[in-house]
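Since the structure comes first, as structure tokens, the remarks are kept for the end.
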Amino acid sequence: MHGFLDVNPANLILKKSYTLYINMRETKNAVLVLEDGTIFRGKSFGFCKSCSGEVVFNTAMTGYPESLTDPSCQGQILVSTFPLLGNYGVPPKSAVTNGLNDYFESDQIHCEAVVCQEYSDEYSHWLADKSLAEWLNEEKVVGICGIDTRALTKHLRENGTMSGKICIEEKPDDVPFVDLNNQNLADKVSCKEVVTYGEGDKTVVLLDCGVQNSIIRYLLARGVKVVRVPWNYDFSNMEYDGLFISNGPGNPDNLEEAVAHIRKAMEQNKPVCGVAMGNQLLAKAARGKVSKLKYGHRSHNQPVRMVGTNSCFITTQSNGYTIDFNSLDENWEQSFVNLNDGTNEGIKHKTKPFYGIQFHPEVFSGSDKSDFILDNFIKIL
């Protein structure tokens, strides 16, 4: 370990009950090693393997089943700033409506690992089907607890998102660091063929760059037919009333095929709506640019303001990138801004039915007070 900065929570004052608890469980030592050499020591409570990914933090207090199954988390080591995970277990996979799981955002866990301060094997919830540890082991996903997540989060805020790896039994060279910036992560999580959901007088083409189930549920609840297509699918010859561009993981600059198809769709002047990465891809189709956020927006508590008003909303997000609004031409205007860092949270065309937002108003876990934004998309189909 020579040359590393070792942040060891064992040297901190921990609650005696928790220290006793992790010693009673049959756990293995684990270390989280950041690419800058910083080390955080803890205990494994998930699947025992070494892994690597992009280390990011999420400040949501609840919703870990939804966060872990969000395709936007593909390839990430997800750090929970809320100190406790596992206390309400995991809901059943058996509850399915319209081919979509009722309680998850996709059919599997997408992050490489989850990191928390305290983990509880004892869970209590009327929907709980199993423990978080059981679920992680079933899906072969790493979990590590006993980490000082406050110190880790402060480190990421000061130094920015970075690569990291988790090694079981202190073998830090088992896996290499990875760089997700040049990988097309959307290709890993997008559907591989066209899928149709529901019936309705209006048809929405859903460009799947890593769509959350909640988006499909939302559209179906509004009575439209949803045709879900892969991220690079040419849908130009399809009959549809509106285009919806989904969220997704990674760098939108790696999805040039999707951008070309969106740009072609915009020539038809049909309604176009983008959420999260969809907002960024819409901007790229309009010849705009995107940039990586220092440490991202991943939470249920991102405050945004509607431009030109005093209306503010607490939003749910899972973004690593944002739009450089000044790179768009004069035909576009900014619709929302982030109150924490002033970054763009939404754009709309001044004369055509094109708009996007960085946040998720339709989510199952989080606030739904801004869902009227997507309702407007349905109204203009």
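Chain identifiers are assigned as A, B, and so on, following the order in which chains appear in the structure tokens; residues are numbered from 1 within each chain, and ligands are numbered from 1 in order of appearance.
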Spatial neighbours of A:Cys145, 10 Å, only C-alpha atoms, chain gap at least 5 places, as an mmCIF file with N, CA, C and O atoms, in the first residue's frame:
```cif
data_model
loop_
_atom_site.group_PDB
_atom_site.id
_atom_site.type_symbol
_atom_site.label_atom_id
_atom_site.label_comp_id
_atom_site.auth_asym_id
_atom_site.auth_seq_id
_atom_site.Cartn_x
_atom_site.Cartn_y
_atom_site.Cartn_z
ATOM 1 N N ILE A 22 -20.816 -5.825 12.692
ATOM 2 C CA ILE A 22 -20.027 -6.239 11.535
ATOM 3 C C ILE A 22 -18.984 -7.285 11.939
ATOM 4 O O ILE A 22 -18.547 -8.076 11.117
ATOM 5 N N ASN A 29 -12.764 -8.640 4.531
ATOM 6 C CA ASN A 29 -12.218 -7.299 4.399
ATOM 7 C C ASN A 29 -12.260 -6.870 2.936
ATOM 8 O O ASN A 29 -12.082 -7.684 2.027
ATOM 9 N N ALA A 30 -12.514 -5.602 2.705
ATOM 10 C CA ALA A 30 -12.552 -5.060 1.352
ATOM 11 C C ALA A 30 -11.984 -3.650 1.370
ATOM 12 O O ALA A 30 -12.055 -2.956 2.392
ATOM 13 N N VAL A 31 -11.407 -3.246 0.250
ATOM 14 C CA VAL A 31 -10.896 -1.885 0.142
ATOM 15 C C VAL A 31 -11.435 -1.248 -1.133
ATOM 16 O O VAL A 31 -11.571 -1.906 -2.166
ATOM 17 N N ARG A 41 -11.180 1.584 3.669
ATOM 18 C CA ARG A 41 -11.299 0.192 4.073
ATOM 19 C C ARG A 41 -12.697 -0.098 4.620
ATOM 20 O O ARG A 41 -13.275 0.727 5.320
ATOM 21 N N GLY A 42 -13.207 -1.286 4.314
ATOM 22 C CA GLY A 42 -14.509 -1.664 4.817
ATOM 23 C C GLY A 42 -14.687 -3.164 4.834
ATOM 24 O O GLY A 42 -13.716 -3.923 4.842
ATOM 25 N N LYS A 43 -15.965 -3.588 4.826
ATOM 26 C CA LYS A 43 -16.323 -4.995 4.850
ATOM 27 C C LYS A 43 -17.255 -5.298 3.683
ATOM 28 O O LYS A 43 -18.124 -4.493 3.328
ATOM 29 N N SER A 44 -17.113 -6.474 3.099
ATOM 30 C CA SER A 44 -17.970 -6.888 1.998
ATOM 31 C C SER A 44 -19.290 -7.427 2.543
ATOM 32 O O SER A 44 -19.301 -8.205 3.497
ATOM 33 N N PHE A 45 -20.419 -6.995 1.943
ATOM 34 C CA PHE A 45 -21.697 -7.596 2.309
ATOM 35 C C PHE A 45 -22.465 -8.087 1.078
ATOM 36 O O PHE A 45 -23.547 -8.652 1.197
ATOM 37 N N GLY A 46 -21.898 -7.900 -0.109
ATOM 38 C CA GLY A 46 -22.533 -8.376 -1.333
ATOM 39 C C GLY A 46 -21.754 -9.540 -1.915
ATOM 40 O O GLY A 46 -21.160 -10.338 -1.188
ATOM 41 N N PRO A 83 -26.556 7.299 5.542
ATOM 42 C CA PRO A 83 -25.652 6.373 6.238
ATOM 43 C C PRO A 83 -26.107 4.922 6.332
ATOM 44 O O PRO A 83 -25.293 4.058 6.647
ATOM 45 N N LEU A 84 -27.380 4.633 6.060
ATOM 46 C CA LEU A 84 -27.888 3.274 6.269
ATOM 47 C C LEU A 84 -28.541 2.739 5.004
ATOM 48 O O LEU A 84 -29.387 3.405 4.387
ATOM 49 N N LEU A 85 -28.176 1.518 4.619
ATOM 50 C CA LEU A 85 -28.827 0.809 3.519
ATOM 51 C C LEU A 85 -29.299 -0.556 4.005
ATOM 52 O O LEU A 85 -28.702 -1.141 4.904
ATOM 53 N N VAL A 114 -22.166 -1.144 -4.774
ATOM 54 C CA VAL A 114 -22.790 -0.133 -3.935
ATOM 55 C C VAL A 114 -21.968 -0.003 -2.658
ATOM 56 O O VAL A 114 -21.487 -0.999 -2.105
ATOM 57 N N VAL A 115 -21.777 1.240 -2.207
ATOM 58 C CA VAL A 115 -20.939 1.534 -1.048
ATOM 59 C C VAL A 115 -21.775 2.280 -0.021
ATOM 60 O O VAL A 115 -22.484 3.240 -0.367
ATOM 61 N N CYS A 116 -21.706 1.872 1.242
ATOM 62 C CA CYS A 116 -22.471 2.559 2.287
ATOM 63 C C CYS A 116 -21.687 2.569 3.591
ATOM 64 O O CYS A 116 -20.685 1.863 3.748
ATOM 65 N N GLN A 117 -22.174 3.375 4.524
ATOM 66 C CA GLN A 117 -21.532 3.420 5.840
ATOM 67 C C GLN A 117 -21.989 2.242 6.691
ATOM 68 O O GLN A 117 -21.173 1.516 7.254
ATOM 69 N N GLU A 118 -23.308 2.061 6.778
ATOM 70 C CA GLU A 118 -23.836 0.967 7.580
ATOM 71 C C GLU A 118 -24.804 0.136 6.749
ATOM 72 O O GLU A 118 -25.599 0.681 5.967
ATOM 73 N N TYR A 119 -24.763 -1.174 6.907
ATOM 74 C CA TYR A 119 -25.688 -2.062 6.223
ATOM 75 C C TYR A 119 -26.468 -2.874 7.250
ATOM 76 O O TYR A 119 -25.895 -3.374 8.228
ATOM 77 N N SER A 120 -27.765 -3.008 7.033
ATOM 78 C CA SER A 120 -28.615 -3.762 7.943
ATOM 79 C C SER A 120 -29.152 -5.014 7.278
ATOM 80 O O SER A 120 -29.879 -4.928 6.282
#
```
Exercise. DSSP on the backbone: what in stretch 63-222 of chain A comes out helix (DSSP H, G or I), as a PyMOL selection string?
Worked result: chain A and resi 64-68+71-73+132-138+149-159+186-189+213-221
Seminar exercise, completed: Of A:Ala276, A:Cys48, A:Cys167, A:Val205, the one sitting nearest A:Ser72 when using only C-alpha atoms is A:Ala276
Exercise: A:Pro92 partners within 8 Å, only C-alpha atoms, chain neighbours under 2 positions left out, as a PDB file with N, CA, C and O atoms, in the first residue's frame:
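Result written to part_14.pdb:
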```pdb
ATOM      1  N   VAL A  90     -35.739  -5.551  -0.097  1.00  0.00           N
ATOM      2  CA  VAL A  90     -35.891  -5.433  -1.547  1.00  0.00           C
ATOM      3  C   VAL A  90     -37.251  -5.993  -1.945  1.00  0.00           C
ATOM      4  O   VAL A  90     -37.626  -7.079  -1.503  1.00  0.00           O
ATOM      5  N   SER A  94     -41.444 -10.518  -8.915  1.00  0.00           N
ATOM      6  CA  SER A  94     -42.575 -11.204  -9.528  1.00  0.00           C
ATOM      7  C   SER A  94     -43.718 -10.279  -9.916  1.00  0.00           C
ATOM      8  O   SER A  94     -44.577 -10.651 -10.718  1.00  0.00           O
ATOM      9  N   ALA A  95     -43.749  -9.064  -9.349  1.00  0.00           N
ATOM     10  CA  ALA A  95     -44.830  -8.118  -9.658  1.00  0.00           C
ATOM     11  C   ALA A  95     -44.524  -7.422 -10.980  1.00  0.00           C
ATOM     12  O   ALA A  95     -43.638  -6.577 -11.065  1.00  0.00           O
ATOM     13  N   TYR A 103     -41.591  -2.506  -9.391  1.00  0.00           N
ATOM     14  CA  TYR A 103     -40.823  -1.842  -8.333  1.00  0.00           C
ATOM     15  C   TYR A 103     -39.376  -1.542  -8.690  1.00  0.00           C
ATOM     16  O   TYR A 103     -38.643  -1.009  -7.862  1.00  0.00           O
ATOM     17  N   LEU A 127     -43.560  -4.748   1.639  1.00  0.00           N
ATOM     18  CA  LEU A 127     -43.273  -5.278   0.316  1.00  0.00           C
ATOM     19  C   LEU A 127     -42.011  -6.139   0.258  1.00  0.00           C
ATOM     20  O   LEU A 127     -41.735  -6.774  -0.755  1.00  0.00           O
ATOM     21  N   ALA A 128     -41.237  -6.139   1.332  1.00  0.00           N
ATOM     22  CA  ALA A 128     -39.911  -6.763   1.287  1.00  0.00           C
ATOM     23  C   ALA A 128     -39.999  -8.259   0.987  1.00  0.00           C
ATOM     24  O   ALA A 128     -40.779  -8.996   1.601  1.00  0.00           O
ATOM     25  N   ASP A 129     -39.163  -8.690   0.048  1.00  0.00           N
ATOM     26  CA  ASP A 129     -39.112 -10.091  -0.361  1.00  0.00           C
ATOM     27  C   ASP A 129     -37.799 -10.748   0.048  1.00  0.00           C
ATOM     28  O   ASP A 129     -37.736 -11.957   0.224  1.00  0.00           O
ATOM     29  N   LYS A 130     -36.744  -9.952   0.188  1.00  0.00           N
ATOM     30  CA  LYS A 130     -35.429 -10.471   0.551  1.00  0.00           C
ATOM     31  C   LYS A 130     -34.569  -9.320   1.049  1.00  0.00           C
ATOM     32  O   LYS A 130     -34.954  -8.149   0.955  1.00  0.00           O
TER      33      LYS A 130
END
```
Problem set entry | Option closest in space to A:Glu239, from A:Lys270, A:Arg222, A:His261, A:Lys49 [counting only C-alpha atoms] |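 Of the candidates, the smallest distance to A:Glu239 is held by A:Lys270.
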Exercise. If you count only C-alpha atoms, which residues fall within 10 Å of A:Leu152, apart from same-chain ones fewer than 6 positions away, as JSON, numbers by chain?
Worked result: {"A": [7, 32, 34, 38, 39, 40, 55, 56, 57, 79, 81]}
For this session: Go through A:Glu345, A:Asp208, A:Glu139, A:Glu256 and flag the residue nearest A:Ala186, using only C-alpha atoms for the distances.
Result: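 Closest residue, counting only C-alpha atoms: A:Asp208.
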Problem set entry | d(atom CA of A:His349, atom CA of A:Gly296) in Å | 25.3 Å
Problem set entry | Proximity to A:Asp375 - best of A:Pro65, A:His155, A:Ala221, A:Thr351, only C-alpha atoms |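 Selected residue with least distance to A:Asp375: A:Ala221.
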Exercise. What lies within 6 Å of stretch 263-266 of chain A using only C-alpha atoms, ignoring chain neighbours under 3 positions off, as a PyMOL selection string?
Worked result: chain A and resi 260+269+285
How would the residues just chosen look if you wrote them out with N, CA, C and O atoms as a PDB file, in the first residue's frame?
```
ATOM      1  N   ALA A 260     -27.842  11.742 -35.094  1.00  0.00           N
ATOM      2  CA  ALA A 260     -28.195  11.891 -36.510  1.00  0.00           C
ATOM      3  C   ALA A 260     -29.676  11.564 -36.741  1.00  0.00           C
ATOM      4  O   ALA A 260     -30.363  12.258 -37.510  1.00  0.00           O
ATOM      5  N   ASN A 269     -40.837  18.347 -37.690  1.00  0.00           N
ATOM      6  CA  ASN A 269     -41.553  19.261 -36.793  1.00  0.00           C
ATOM      7  C   ASN A 269     -42.586  18.574 -35.907  1.00  0.00           C
ATOM      8  O   ASN A 269     -43.533  19.200 -35.428  1.00  0.00           O
ATOM      9  N   ALA A 285     -28.268  17.395 -31.212  1.00  0.00           N
ATOM     10  CA  ALA A 285     -28.934  17.388 -32.511  1.00  0.00           C
ATOM     11  C   ALA A 285     -29.163  18.805 -33.019  1.00  0.00           C
ATOM     12  O   ALA A 285     -29.253  19.036 -34.232  1.00  0.00           O
TER      13      ALA A 285
END
```
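Within stretch 247-286 of chain A, DSSP applied to the backbone places the following residues in strand (DSSP E): Val272, Cys273, Gly274 and Val275 of chain A.
Among the candidates A:Ile216, A:Leu339, A:Met162, A:Leu374, the one nearest to A:Thr97 when counting only C-alpha atoms is A:Ile216.
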Problem set entry | Distance of atom CA of A:Val304 from atom CA of A:Ala258, expressed in Å to one decimal place |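 That distance, rounded to one decimal, is 27.4 Å.
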Exercise. With only C-alpha atoms as the atoms that count, which of A:Gly248, A:Gly320, A:Pro230, A:Gly143 lies nearest to A:Val275?
Worked result: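 Under the stated criterion, the closest residue is A:Gly248.
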Exercise. Counting only C-alpha atoms, what is within 7 Å of A:Gln334, bar same-chain residues fewer than 3 positions away, as a count of residues only?
Worked result: 4
Seminar exercise, completed: note - atom CA of A:Ile147 and atom CA of A:Cys73 are separated by 20.2 Å
Problem set entry | Shell of 10 Å around A:Val290, only C-alpha atoms, local chain residues under 5 positions omitted, as a list of chain:residue names |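 Close residues of A:Val290: A:Asn251, A:Pro252, A:Asp253, A:Gln280, A:Leu281, A:Ala283, A:Lys284, A:Tyr321, A:Thr322, A:Ile323, A:Asp324, A:Phe325, A:Ser327.
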